[in-house]
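Trainee: If it helps, the file is called input_10.txt and holds compact mmCIF, C-alpha atoms:
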# COMPACT_ATOMS: atom_id res chain seq x y z
CA MET A 1 58.85 180.10 46.24
CA THR A 2 62.18 179.29 44.59
CA GLU A 3 63.71 182.34 42.90
CA MET A 4 64.65 181.72 39.28
CA SER A 5 67.92 182.91 37.80
CA ILE A 6 68.10 184.83 34.55
CA ASP A 7 68.69 181.65 32.53
CA GLY A 8 65.65 179.92 34.00
CA THR A 9 67.50 177.52 36.32
CA ALA A 10 66.33 177.27 39.88
CA ASP A 11 69.70 177.79 41.55
CA GLY A 12 71.51 180.06 39.09
CA THR A 13 74.59 177.79 39.03
CA ALA A 14 74.64 177.06 35.28
CA PRO A 15 77.92 178.24 33.69
CA ALA A 16 76.10 180.56 31.31
CA ALA A 17 74.24 182.20 34.20
CA ILE A 18 77.45 182.64 36.18
CA ALA A 19 79.24 184.18 33.19
CA ARG A 20 76.41 186.65 32.58
CA ASP A 21 76.30 187.58 36.24
CA VAL A 22 80.05 188.17 36.38
CA ARG A 23 79.91 190.37 33.29
CA LEU A 24 76.98 192.36 34.63
CA ILE A 25 78.57 192.81 38.06
CA GLY A 26 81.74 194.02 36.35
CA LEU A 27 79.92 196.65 34.29
CA ILE A 28 77.82 197.97 37.17
CA SER A 29 80.71 197.96 39.65
CA ALA A 30 82.99 199.79 37.22
CA ALA A 31 80.37 202.52 36.83
CA HIS A 32 79.95 202.72 40.61
CA GLY A 33 83.72 202.98 41.04
CA MET A 34 83.81 205.88 38.60
CA SER A 35 81.07 207.70 40.50
CA HIS A 36 83.09 207.48 43.73
CA PHE A 37 86.24 208.46 41.84
CA TYR A 38 84.58 211.61 40.51
CA GLN A 39 83.38 212.58 43.98
CA LEU A 40 87.02 213.16 44.94
CA VAL A 41 88.54 214.76 41.83
CA LEU A 42 88.31 218.34 43.12
CA PRO A 43 89.37 218.14 46.82
CA PRO A 44 92.97 217.03 46.10
CA ILE A 45 93.55 220.17 44.01
CA PHE A 46 91.80 222.62 46.35
CA PRO A 47 95.15 224.24 47.28
CA LEU A 48 95.71 225.00 43.59
CA LEU A 49 92.19 226.25 43.02
CA THR A 50 92.37 228.71 45.91
CA SER A 51 95.25 230.52 44.22
CA VAL A 52 93.90 230.16 40.68
CA PHE A 53 90.47 231.60 41.48
CA GLY A 54 91.41 233.75 44.48
CA VAL A 55 88.90 232.10 46.82
CA GLY A 56 89.12 230.38 50.19
CA TYR A 57 88.48 226.82 51.25
CA ALA A 58 85.04 227.84 52.51
CA GLU A 59 83.92 228.73 48.98
CA LEU A 60 85.32 225.48 47.62
CA GLY A 61 83.55 223.65 50.43
CA VAL A 62 80.28 225.20 49.26
CA VAL A 63 80.89 223.75 45.79
CA THR A 64 81.40 220.30 47.30
CA SER A 65 78.28 220.71 49.45
CA LEU A 66 76.21 221.59 46.38
CA LEU A 67 77.18 218.29 44.78
CA TYR A 68 76.07 216.24 47.78
CA ILE A 69 72.93 218.30 48.43
CA ALA A 70 71.81 217.81 44.84
CA SER A 71 72.66 214.12 45.03
CA GLY A 72 70.82 213.59 48.30
CA LEU A 73 67.69 215.47 47.24
CA MET A 74 67.50 213.74 43.88
CA GLN A 75 68.12 210.12 44.84
CA THR A 76 64.45 209.38 45.48
CA PRO A 77 63.28 211.07 42.21
CA ALA A 78 66.06 209.18 40.43
CA GLY A 79 64.72 205.97 41.93
CA ILE A 80 61.25 206.75 40.61
CA LEU A 81 62.77 207.28 37.15
CA VAL A 82 64.58 203.96 37.50
CA ASP A 83 61.30 202.14 38.11
CA ARG A 84 59.54 203.94 35.24
CA LEU A 85 62.25 204.14 32.56
CA GLY A 86 64.45 201.20 33.51
CA PRO A 87 67.68 201.19 35.53
CA ALA A 88 70.05 200.77 32.57
CA ARG A 89 68.89 203.98 30.89
CA VAL A 90 69.12 205.99 34.11
CA LEU A 91 72.57 204.58 34.98
CA ILE A 92 74.00 205.48 31.56
CA ALA A 93 72.47 208.96 31.67
CA GLY A 94 73.83 209.52 35.20
CA LEU A 95 77.35 208.51 34.30
CA GLY A 96 77.22 210.75 31.23
CA LEU A 97 76.08 213.73 33.34
CA PHE A 98 78.76 213.20 35.99
CA SER A 99 81.54 212.64 33.45
CA GLY A 100 80.50 215.67 31.41
CA ALA A 101 80.44 217.86 34.52
CA VAL A 102 83.97 216.76 35.46
CA LEU A 103 85.22 217.51 31.94
CA LEU A 104 83.64 220.97 32.12
CA PHE A 105 85.26 221.56 35.53
CA GLY A 106 88.52 221.76 33.61
CA LEU A 107 87.18 224.39 31.17
CA VAL A 108 85.51 226.88 33.51
CA PRO A 109 86.56 230.54 33.00
CA GLY A 110 85.85 231.50 36.61
CA PHE A 111 85.15 230.11 40.06
CA TRP A 112 81.38 230.52 40.16
CA TRP A 113 80.97 228.36 37.07
CA LEU A 114 81.89 225.46 39.35
CA ALA A 115 78.63 225.85 41.31
CA PRO A 116 76.12 224.90 38.57
CA LEU A 117 78.47 222.18 37.37
CA ALA A 118 78.60 220.76 40.89
CA ILE A 119 74.80 220.61 40.89
CA LEU A 120 74.91 218.86 37.51
CA ALA A 121 77.47 216.41 38.90
CA GLY A 122 75.20 215.79 41.90
CA LEU A 123 72.29 215.01 39.59
CA GLY A 124 74.45 212.43 37.85
CA ASN A 125 75.66 211.00 41.15
CA SER A 126 72.10 210.59 42.42
CA THR A 127 71.35 207.86 39.86
CA PHE A 128 73.94 205.25 40.78
CA HIS A 129 72.54 203.66 43.92
CA PRO A 130 68.92 203.29 42.75
CA ALA A 131 69.95 202.17 39.25
CA ASP A 132 72.76 199.85 40.32
CA TYR A 133 70.76 198.07 42.99
CA ALA A 134 67.68 197.76 40.80
CA LEU A 135 69.82 196.16 38.08
CA MET A 136 71.59 193.76 40.43
CA THR A 137 68.42 192.81 42.27
CA ALA A 138 66.59 192.04 39.02
CA ARG A 139 69.41 190.38 37.12
CA ILE A 140 71.86 188.65 39.46
CA GLY A 141 71.23 185.07 40.59
CA ALA A 142 69.90 184.99 44.14
CA VAL A 143 72.63 182.58 45.28
CA ARG A 144 75.34 185.23 44.76
CA LEU A 145 73.46 188.49 45.18
CA GLY A 146 75.21 189.27 48.48
CA ARG A 147 78.62 188.88 46.86
CA ALA A 148 77.47 191.08 43.97
CA TYR A 149 76.55 193.80 46.47
CA SER A 150 79.93 193.41 48.17
CA ILE A 151 81.92 193.77 44.93
CA HIS A 152 79.81 196.79 44.03
CA SER A 153 80.64 198.43 47.38
CA LEU A 154 84.31 197.49 47.09
CA ALA A 155 84.50 199.13 43.66
CA GLY A 156 83.24 202.35 45.21
CA ASN A 157 85.94 202.19 47.87
CA ILE A 158 88.59 201.63 45.21
CA GLY A 159 87.31 204.67 43.34
CA TRP A 160 87.78 206.81 46.45
CA ILE A 161 91.28 205.45 47.01
CA ALA A 162 92.37 205.92 43.39
CA ALA A 163 91.09 209.45 42.85
CA PRO A 164 93.61 211.58 44.79
CA ALA A 165 96.70 209.87 43.37
CA SER A 166 95.33 209.97 39.81
CA VAL A 167 94.31 213.62 39.91
CA LEU A 168 97.57 214.74 41.49
CA ALA A 169 99.71 212.71 39.06
CA LEU A 170 97.94 214.08 35.98
CA THR A 171 98.01 217.59 37.42
CA ALA A 172 101.77 217.35 37.96
CA LEU A 173 102.25 216.23 34.36
CA LEU A 174 99.71 218.31 32.44
CA GLY A 175 98.11 220.84 34.77
CA TRP A 176 94.80 220.69 36.64
CA ARG A 177 92.64 221.71 33.68
CA ALA A 178 93.99 219.00 31.40
CA ALA A 179 93.73 216.48 34.23
CA LEU A 180 90.03 217.13 34.73
CA VAL A 181 89.32 217.15 30.99
CA ILE A 182 91.10 213.81 30.54
CA LEU A 183 89.33 212.22 33.50
CA GLY A 184 85.94 213.51 32.37
CA ALA A 185 86.53 212.36 28.80
CA SER A 186 87.49 208.91 30.10
CA GLY A 187 84.12 208.70 31.83
CA LEU A 188 82.30 209.76 28.69
CA ALA A 189 84.16 207.05 26.76
CA PHE A 190 83.06 204.47 29.32
CA THR A 191 79.52 205.84 29.08
CA LEU A 192 79.58 205.10 25.35
CA TYR A 193 80.88 201.61 26.10
CA LEU A 194 78.02 201.05 28.57
CA LEU A 195 75.63 202.19 25.86
CA SER A 196 77.08 199.54 23.56
CA GLN A 197 76.46 197.00 26.33
CA PHE A 198 72.81 197.99 26.76
CA PRO A 199 71.51 194.53 25.76
CA VAL A 200 73.73 192.98 28.44
CA LEU A 201 72.39 195.39 31.06
CA ILE A 202 68.70 194.86 30.35
CA GLY A 203 68.90 191.12 29.53
CA ASN A 204 65.63 189.21 29.67
CA SER A 205 64.28 191.02 32.71
CA ALA A 206 63.27 194.29 31.04
CA PRO A 207 59.63 193.32 30.32
CA HIS A 208 59.20 192.14 33.91
CA LEU A 209 60.69 195.35 35.25
CA GLU A 210 58.44 197.52 33.10
CA HIS A 211 55.36 195.55 34.10
CA SER A 212 56.18 195.71 37.79
CA ALA A 213 56.97 199.39 37.60
CA GLY A 214 53.60 200.10 36.08
CA GLN A 215 51.92 198.31 38.99
CA THR A 216 53.63 200.34 41.70
CA ALA A 217 54.52 203.68 40.17
CA ALA A 218 51.18 205.20 41.05
CA ARG A 219 51.76 204.98 44.81
CA PRO A 220 55.40 205.85 45.55
CA ARG A 221 54.57 207.82 48.70
CA GLY A 222 52.75 204.88 50.28
CA ILE A 223 55.69 202.60 49.50
CA LEU A 224 58.37 204.91 50.85
CA PHE A 225 56.48 205.74 54.02
CA SER A 226 55.78 202.14 54.94
CA PRO A 227 57.25 201.13 58.34
CA ALA A 228 59.86 198.76 56.90
CA ILE A 229 61.25 201.35 54.47
CA LEU A 230 61.27 204.12 57.08
CA LEU A 231 63.19 201.83 59.42
CA CYS A 232 65.73 201.17 56.67
CA PHE A 233 66.02 204.94 56.11
CA ALA A 234 66.61 205.43 59.86
CA TYR A 235 69.23 202.68 59.79
CA PHE A 236 71.15 204.35 56.94
CA THR A 237 71.00 207.72 58.70
CA LEU A 238 72.33 206.29 61.96
CA LEU A 239 75.01 204.33 60.11
CA SER A 240 76.13 207.51 58.37
CA VAL A 241 76.45 209.32 61.71
CA ALA A 242 78.68 206.51 62.98
CA GLN A 243 80.73 206.45 59.77
CA VAL A 244 81.39 210.18 59.99
CA GLY A 245 82.64 209.69 63.54
CA LEU A 246 84.80 206.67 62.75
CA GLN A 247 86.10 207.84 59.37
CA THR A 248 85.97 211.60 58.85
CA PHE A 249 86.74 212.57 62.44
CA LEU A 250 88.87 209.57 63.43
CA PRO A 251 92.30 211.22 62.94
CA SER A 252 91.33 214.46 64.70
CA ALA A 253 89.67 212.67 67.60
CA LEU A 254 92.59 210.27 68.06
CA VAL A 255 95.11 213.11 68.06
CA ALA A 256 93.11 215.03 70.66
CA ALA A 257 92.30 212.02 72.85
CA PHE A 258 95.61 210.16 72.81
CA ARG A 259 98.13 212.89 71.95
CA ILE A 260 99.52 210.88 69.04
CA SER A 261 100.95 212.37 65.85
CA ILE A 262 98.71 213.19 62.89
CA GLU A 263 100.76 210.71 60.83
CA SER A 264 99.98 207.92 63.29
CA ALA A 265 96.32 208.89 63.38
CA ASN A 266 96.05 208.80 59.58
CA PHE A 267 97.79 205.42 59.54
CA MET A 268 95.04 204.18 61.85
CA LEU A 269 92.44 205.60 59.49
CA THR A 270 94.13 203.68 56.67
CA CYS A 271 93.92 200.52 58.78
CA PHE A 272 90.22 201.18 59.28
CA LEU A 273 89.53 201.72 55.56
CA VAL A 274 91.58 198.77 54.30
CA ALA A 275 90.00 196.45 56.86
CA ALA A 276 86.55 197.77 55.95
CA SER A 277 87.18 196.86 52.30
CA LEU A 278 88.20 193.34 53.31
CA GLY A 279 85.14 193.16 55.52
CA VAL A 280 82.91 194.03 52.57
CA LEU A 281 84.21 190.97 50.69
CA ALA A 282 83.72 188.70 53.69
CA GLY A 283 80.28 190.21 54.27
CA GLY A 284 79.20 189.30 50.75
CA ILE A 285 79.84 185.63 51.48
CA ALA A 286 78.02 185.90 54.81
CA ALA A 287 75.04 187.62 53.21
CA ASP A 288 74.66 184.80 50.69
CA ARG A 289 75.00 182.04 53.28
CA PHE A 290 72.96 183.44 56.17
CA PRO A 291 69.42 184.55 55.30
CA ARG A 292 68.89 186.34 58.63
CA HIS A 293 70.61 189.52 57.49
CA GLU A 294 69.56 191.48 60.55
CA LEU A 295 71.58 189.04 62.69
CA VAL A 296 74.68 189.57 60.54
CA ILE A 297 74.19 193.32 60.89
CA GLY A 298 73.62 193.08 64.63
CA CYS A 299 76.79 191.08 65.27
CA GLY A 300 78.95 193.29 63.05
CA LEU A 301 77.70 196.62 64.34
CA ALA A 302 77.78 195.48 67.97
CA ALA A 303 81.45 194.54 67.61
CA ALA A 304 82.23 197.86 65.88
CA ALA A 305 80.40 199.75 68.63
CA VAL A 306 82.37 197.95 71.33
CA PHE A 307 85.67 198.87 69.73
CA SER A 308 84.45 202.44 69.31
CA LEU A 309 83.84 202.49 73.06
CA VAL A 310 87.36 201.16 73.56
CA PHE A 311 88.61 204.40 72.01
CA ALA A 312 86.33 206.33 74.35
CA VAL A 313 87.32 204.76 77.68
CA ALA A 314 90.75 203.18 77.34
CA ALA A 315 94.30 204.50 77.27
CA LEU A 316 95.94 202.30 74.66
CA PRO A 317 99.35 202.27 72.97
CA SER A 318 99.47 202.98 69.25
CA PRO A 319 99.66 199.34 68.06
CA LEU A 320 96.49 198.45 69.96
CA LEU A 321 94.76 201.58 68.69
CA ALA A 322 95.58 200.56 65.11
CA MET A 323 94.35 197.02 65.78
CA SER A 324 91.12 198.32 67.29
CA ALA A 325 90.56 200.60 64.30
CA ALA A 326 91.12 197.68 61.91
CA ILE A 327 88.69 195.41 63.76
CA ALA A 328 86.03 198.12 63.89
CA GLY A 329 86.47 198.77 60.17
CA PHE A 330 86.32 195.08 59.27
CA MET A 331 83.16 194.51 61.29
CA MET A 332 81.41 197.58 59.87
CA GLY A 333 82.41 196.69 56.32
CA GLY A 334 81.15 193.16 56.85
CA THR A 335 77.61 194.42 57.41
CA MET A 336 77.30 196.34 54.14
CA PRO A 337 76.12 193.51 51.85
CA ALA A 338 73.65 192.30 54.51
CA ARG A 339 72.43 195.90 54.80
CA ASP A 340 71.67 196.00 51.08
CA MET A 341 70.01 192.58 51.21
CA LEU A 342 67.84 193.89 54.04
CA VAL A 343 66.63 196.76 51.87
CA ARG A 344 66.08 194.41 48.96
CA GLY A 345 63.89 192.21 51.16
CA ALA A 346 61.80 195.18 52.28
CA ALA A 347 61.30 196.61 48.77
CA PRO A 348 58.00 195.71 47.07
CA THR A 349 58.14 194.23 43.59
CA GLY A 350 58.72 196.90 40.96
CA ALA A 351 59.80 199.55 43.49
CA THR A 352 63.46 198.63 43.97
CA GLY A 353 64.80 201.81 42.37
CA LYS A 354 62.76 204.28 44.41
CA VAL A 355 63.30 202.33 47.63
CA PHE A 356 67.08 202.18 47.28
CA GLY A 357 67.16 205.81 46.22
CA PHE A 358 65.13 206.85 49.27
CA VAL A 359 66.99 204.84 51.90
CA TYR A 360 70.41 205.77 50.52
CA SER A 361 69.50 209.43 50.88
CA GLY A 362 69.66 208.67 54.61
CA LEU A 363 73.44 208.51 54.21
CA ASP A 364 73.41 212.09 52.96
CA LEU A 365 71.19 213.17 55.86
CA GLY A 366 73.51 211.59 58.43
CA ALA A 367 76.56 213.10 56.74
CA ALA A 368 74.90 216.52 56.89
CA ILE A 369 73.86 216.50 60.57
CA ALA A 370 76.81 214.71 62.19
CA PRO A 371 79.84 216.93 61.37
CA PRO A 372 78.67 220.07 63.24
CA ILE A 373 77.87 218.02 66.35
CA LEU A 374 81.14 216.09 66.28
CA GLY A 375 83.11 219.23 65.49
CA LEU A 376 81.53 220.94 68.52
CA LEU A 377 82.62 218.06 70.75
CA LEU A 378 86.20 218.47 69.51
CA ASP A 379 86.09 222.25 69.95
CA ARG A 380 84.88 221.79 73.55
CA GLY A 381 87.76 219.43 74.36
CA MET A 382 85.65 216.23 74.49
CA PRO A 383 87.17 214.06 71.74
CA ARG A 384 86.30 210.76 73.41
CA LEU A 385 82.60 211.63 73.14
CA VAL A 386 83.02 211.42 69.36
CA PHE A 387 83.47 207.67 69.79
CA VAL A 388 80.63 207.46 72.33
CA LEU A 389 78.25 209.12 69.86
CA ALA A 390 79.40 206.78 67.07
CA ALA A 391 78.85 203.74 69.30
CA ALA A 392 75.41 204.98 70.37
CA ALA A 393 74.38 205.44 66.71
CA LEU A 394 75.54 201.91 65.93
CA PHE A 395 73.63 200.37 68.84
CA ILE A 396 70.42 202.19 67.85
CA ALA A 397 70.97 201.15 64.23
CA ILE A 398 71.01 197.51 65.35
CA GLY A 399 67.47 197.95 66.66
CA SER A 400 66.31 199.56 63.43
CA ALA A 401 67.80 196.71 61.40
CA ALA A 402 66.25 194.06 63.64
CA VAL A 403 62.74 195.46 63.29
CA ALA A 404 63.16 196.17 59.56
CA GLY A 405 64.48 192.65 59.02
CA GLY A 406 61.45 191.11 60.70
CA ARG A 407 59.06 193.20 58.62
CA GLY A 408 61.01 192.42 55.45
CA THR A 409 60.85 188.69 56.16
CA ARG A 410 57.08 188.85 56.56
CA LEU A 411 56.78 190.89 53.34
CA ALA A 412 58.89 188.37 51.41
CA ALA A 413 56.77 185.52 52.76
CA ALA A 414 53.61 187.32 51.69
CA ARG A 415 55.01 187.86 48.18
CA SER A 416 55.85 184.14 47.81
In structure tokens, write the structure found in this file.
Mentor:
Amino acid sequence: MTEMSIDGTADGTAPAAIARDVRLIGLISAAHGMSHFYQLVLPPIFPLLTSVFGVGYAELGVVTSLLYIASGLMQTPAGILVDRLGPARVLIAGLGLFSGAVLLFGLVPGFWWLAPLAILAGLGNSTFHPADYALMTARIGAVRLGRAYSIHSLAGNIGWIAAPASVLALTALLGWRAALVILGASGLAFTLYLLSQFPVLIGNSAPHLEHSAGQTAARPRGILFSPAILLCFAYFTLLSVAQVGLQTFLPSALVAAFRISIESANFMLTCFLVAASLGVLAGGIAADRFPRHELVIGCGLAAAAVFSLVFAVAALPSPLLAMSAAIAGFMMGGTMPARDMLVRGAAPTGATGKVFGFVYSGLDLGAAIAPPILGLLLDRGMPRLVFVLAAAALFIAIGSAAVAGGRGTRLAAARS
């Protein structure tokens, strides 16, 4: 069955359809970028907060953990709300919660006030993936959905990159409290703008979404525990384990394994992240042109795993290490739009929000279980095993994606 675009054309190439898609992608991606930005507003000023509140980094780490725990636990419930109330409403509410929490971070009278605000921020953060992907899946023309996913992911990366410099610059000028209040108020202003754009967000697909949601809302457990969705959840968990190894622990493992400087190791991390962002853009084109998304994922993750093993077994000079990091990042980034298309193919009609919320919580699970294991390997003097574990997770993830892709293809055929 040919998928219709939002203007009723079969291929979604009419200028009006393209213009609406571009506008919608811009709004959703900007909100996603702000969510990633807010995730990193506190860590850059941790050194200040330790002296202001008289606490250690461990206590501040607990605050950060509370945000991600709340976000991970609430993504699936947020997805259920998306399917019942509509993604636009949940997205706007989530951005308002996150922005308001950041503003209040700057007004707290004492350290422990940060804890409930971090939970509030996590509740806001939990809404973005299920709401964003439900909106894009329902509203964006099928011929450019992969590129929409890639721009959405890229906006998140830009948010991460922009946060430290912005927070530190405002803190240097006005102090940390004013910086957080200004940044939170900016998000609330954008929330009001999104509210003014509500008709653009819901478009003509709202009745269809509400009807579909009513058909599937009564059986969320059966949907989420279906084999295809569980395989997607396993894929996201394994991918998160690999990402922790190749991003969070990359500098430390490179320093320990190759005896290079921390500056050189962080430069290699930068190479990885920049290349990953470029890979996301290339992956969006690939996801739109090649319908076998599991093959795109398999090729990209296999290449990334091979270069992870290069770190584990080879003794390379710094230029080749940087090149290997860049290639691994590019190949991993290139799989992200195909990954999201895979989930979209496995999601039953009317259940996109809860499905994306559930499978994306796998990223939080992987990020929770991997650091202690990888940290133990470093403490025991086995830094190269960090890269072996990352490569193993990637290879197993390829199998999960292959099986999930086959099941998703059969489900899509049954729906048509």
Trainee: Please determine, counting all atoms listed in the file, which residue among A:Ala286, A:Val355, A:Leu295, A:Leu49 has the shortest atom-to-atom distance to Gly106 (chain A).
Mentor: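 Using all atoms listed in the file, the shortest distance to Gly106 (chain A) belongs to A:Leu49.
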Trainee: Please list as a ChimeraX atom specification every residue within 8 Å of Gly366 (chain A), counting only C-alpha atoms and excluding residues in the same chain fewer than 2 positions away.
Mentor: /A:236-241,362-364,368-370
Trainee: Take the residues from that selection and write them out as a tab-separated table (two decimals), in the frame of the given file, keeping C-alpha atoms.
Mentor:
chain	number	residue	atom	x	y	z
A	236	PHE	CA	71.15	204.35	56.94
A	237	THR	CA	71.00	207.72	58.70
A	238	LEU	CA	72.33	206.29	61.96
A	239	LEU	CA	75.01	204.33	60.11
A	240	SER	CA	76.13	207.51	58.37
A	241	VAL	CA	76.45	209.32	61.71
A	362	GLY	CA	69.66	208.67	54.61
A	363	LEU	CA	73.44	208.51	54.21
A	364	ASP	CA	73.41	212.09	52.96
A	368	ALA	CA	74.90	216.52	56.89
A	369	ILE	CA	73.86	216.50	60.57
A	370	ALA	CA	76.81	214.71	62.19
Trainee: Using only C-alpha atoms for the distances, tell me which of A:Tyr38, A:Phe249, A:Tyr68, A:Phe290 is nearest to Leu103 (chain A).
Mentor: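 For Leu103 (chain A), the nearest of the candidates is A:Tyr38.
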Trainee: Interatomic distance between CA of Leu48 (chain A) and CA of Ala172 (chain A)?
Mentor: 11.3 Å
Trainee: What lies within 8 Å of Leu117 (chain A) using all atoms listed in the file, ignoring chain neighbours under 5 positions off, as a PyMOL selection string?
Mentor: chain A and resi 101-102+104-105
Trainee: Between A:Ser252, A:Thr191, A:Thr171, A:Ser35, single out the one closest to Ala155 (chain A), counting all atoms listed in the file.
Mentor: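 That would be A:Ser35, the residue with the smallest distance to Ala155 (chain A).
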Trainee: Calculate how many Å separate CA of Leu91 (chain A) from CA of Ala367 (chain A), rounding to one decimal.
Mentor: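 Atom-to-atom, CA of Leu91 (chain A) to CA of Ala367 (chain A), that is 23.7 Å.
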Trainee: In Å, with one decimal, what is the gap from CA of Val403 (chain A) to CA of Pro291 (chain A)?
Mentor: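 That distance, rounded to one decimal, is 15.1 Å.
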Trainee: Return the single residue from A:Ala131, A:Ala401, A:Ala275, A:Ile202 that is closest to Leu95 (chain A), with distances computed using all atoms listed in the file.
Mentor: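 Ranked by minimum distance to Leu95 (chain A), first place goes to A:Ala131.
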Trainee: For Arg20 (chain A), which residue out of A:Leu194, A:Met268, A:Ala312, A:Ile140 is the nearest one, using all atoms listed in the file?
Mentor: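 Checking each candidate against Arg20 (chain A), we get A:Ile140 as the closest.
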Trainee: Kindly indicate which residue among A:Phe225, A:Tyr235, A:Gly357, A:Ala390 lies nearest to Ala304 (chain A), using all atoms listed in the file for the distances.
Mentor: A:Ala390
Trainee: Could you give me, as a PyMOL selection string, the residues within 12 Å of Leu378 (chain A), counting all atoms listed in the file and dropping anything in the same chain fewer than 6 positions from it?
Mentor: chain A and resi 245+249-257+371-372+384-387
Trainee: Near region 56-67 of chain A, counting all atoms listed in the file, which residues have an atom at most 10 Å away, once you skip same-chain residues fewer than 2 positions from it, shown as a PyMOL selection string?
Mentor: chain A and resi 39-40+42-43+46-47+49-51+53-54+69-72+111-126+368
Trainee: Starting from the point (89.5, 198.3, 69.0), work out which residues of protein, DNA or RNA have an atom no more than 10 Å away when counting all atoms listed in the file; state them as a list in words.
Mentor: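 In the file's frame, the residues around the point are Ala303, Ala304, Ala305, Val306, Phe307, Ser308, Leu309, Val310, Phe311, Ala314, Leu316, Leu320, Leu321, Ala322, Met323, Ser324, Ala325, Ala326, Ile327, Ala328 and Gly329 of chain A.
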Trainee: Ser361 (chain A): which residues within 8 Å, counting all atoms listed in the file, same-chain residues fewer than 5 positions away excluded, as a list in words?
Mentor: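 Residues meeting the cut-off are Gly72, Leu73, Gln75, Thr76 and Phe233 of chain A.
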Trainee: With C-alpha atoms retained, output region 150-197 of chain A as a CSV table (one decimal), in the first residue's frame.
Mentor:
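Saved file part.csv follows:
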chain,number,residue,atom,x,y,z
A,150,SER,CA,18.7,12.3,11.2
A,151,ILE,CA,18.1,16.0,11.7
A,152,HIS,CA,16.3,15.3,14.9
A,153,SER,CA,19.3,13.3,16.2
A,154,LEU,CA,21.7,16.0,15.0
A,155,ALA,CA,19.8,18.7,16.9
A,156,GLY,CA,20.3,16.7,20.0
A,157,ASN,CA,24.0,16.4,19.5
A,158,ILE,CA,24.2,20.2,18.9
A,159,GLY,CA,22.4,20.8,22.1
A,160,TRP,CA,25.0,18.7,24.0
A,161,ILE,CA,27.8,20.6,22.3
A,162,ALA,CA,26.4,24.0,22.9
A,163,ALA,CA,25.5,23.6,26.6
A,164,PRO,CA,28.9,23.8,28.3
A,165,ALA,CA,30.1,26.9,26.5
A,166,SER,CA,26.7,28.7,27.0
A,167,VAL,CA,26.5,27.9,30.7
A,168,LEU,CA,30.1,28.9,31.4
A,169,ALA,CA,29.9,32.1,29.4
A,170,LEU,CA,26.7,33.3,31.1
A,171,THR,CA,28.1,32.2,34.5
A,172,ALA,CA,31.2,34.3,33.9
A,173,LEU,CA,29.1,37.3,33.0
A,174,LEU,CA,26.2,37.1,35.4
A,175,GLY,CA,26.8,34.3,37.9
A,176,TRP,CA,25.5,30.7,37.9
A,177,ARG,CA,22.1,31.6,39.3
A,178,ALA,CA,21.3,34.2,36.7
A,179,ALA,CA,22.7,31.9,34.0
A,180,LEU,CA,20.3,29.1,34.9
A,181,VAL,CA,17.3,31.4,35.3
A,182,ILE,CA,18.0,32.9,31.8
A,183,LEU,CA,18.4,29.5,30.2
A,184,GLY,CA,15.3,28.2,31.9
A,185,ALA,CA,13.3,31.3,30.9
A,186,SER,CA,14.4,30.9,27.3
A,187,GLY,CA,13.0,27.4,27.3
A,188,LEU,CA,9.7,28.6,28.7
A,189,ALA,CA,9.5,31.3,26.0
A,190,PHE,CA,10.1,28.6,23.4
A,191,THR,CA,7.4,26.5,25.0
A,192,LEU,CA,5.0,29.4,24.6
A,193,TYR,CA,6.0,29.6,20.9
A,194,LEU,CA,5.4,25.9,20.5
A,195,LEU,CA,2.0,26.4,22.0
A,196,SER,CA,1.3,29.1,19.4
A,197,GLN,CA,2.3,26.6,16.7
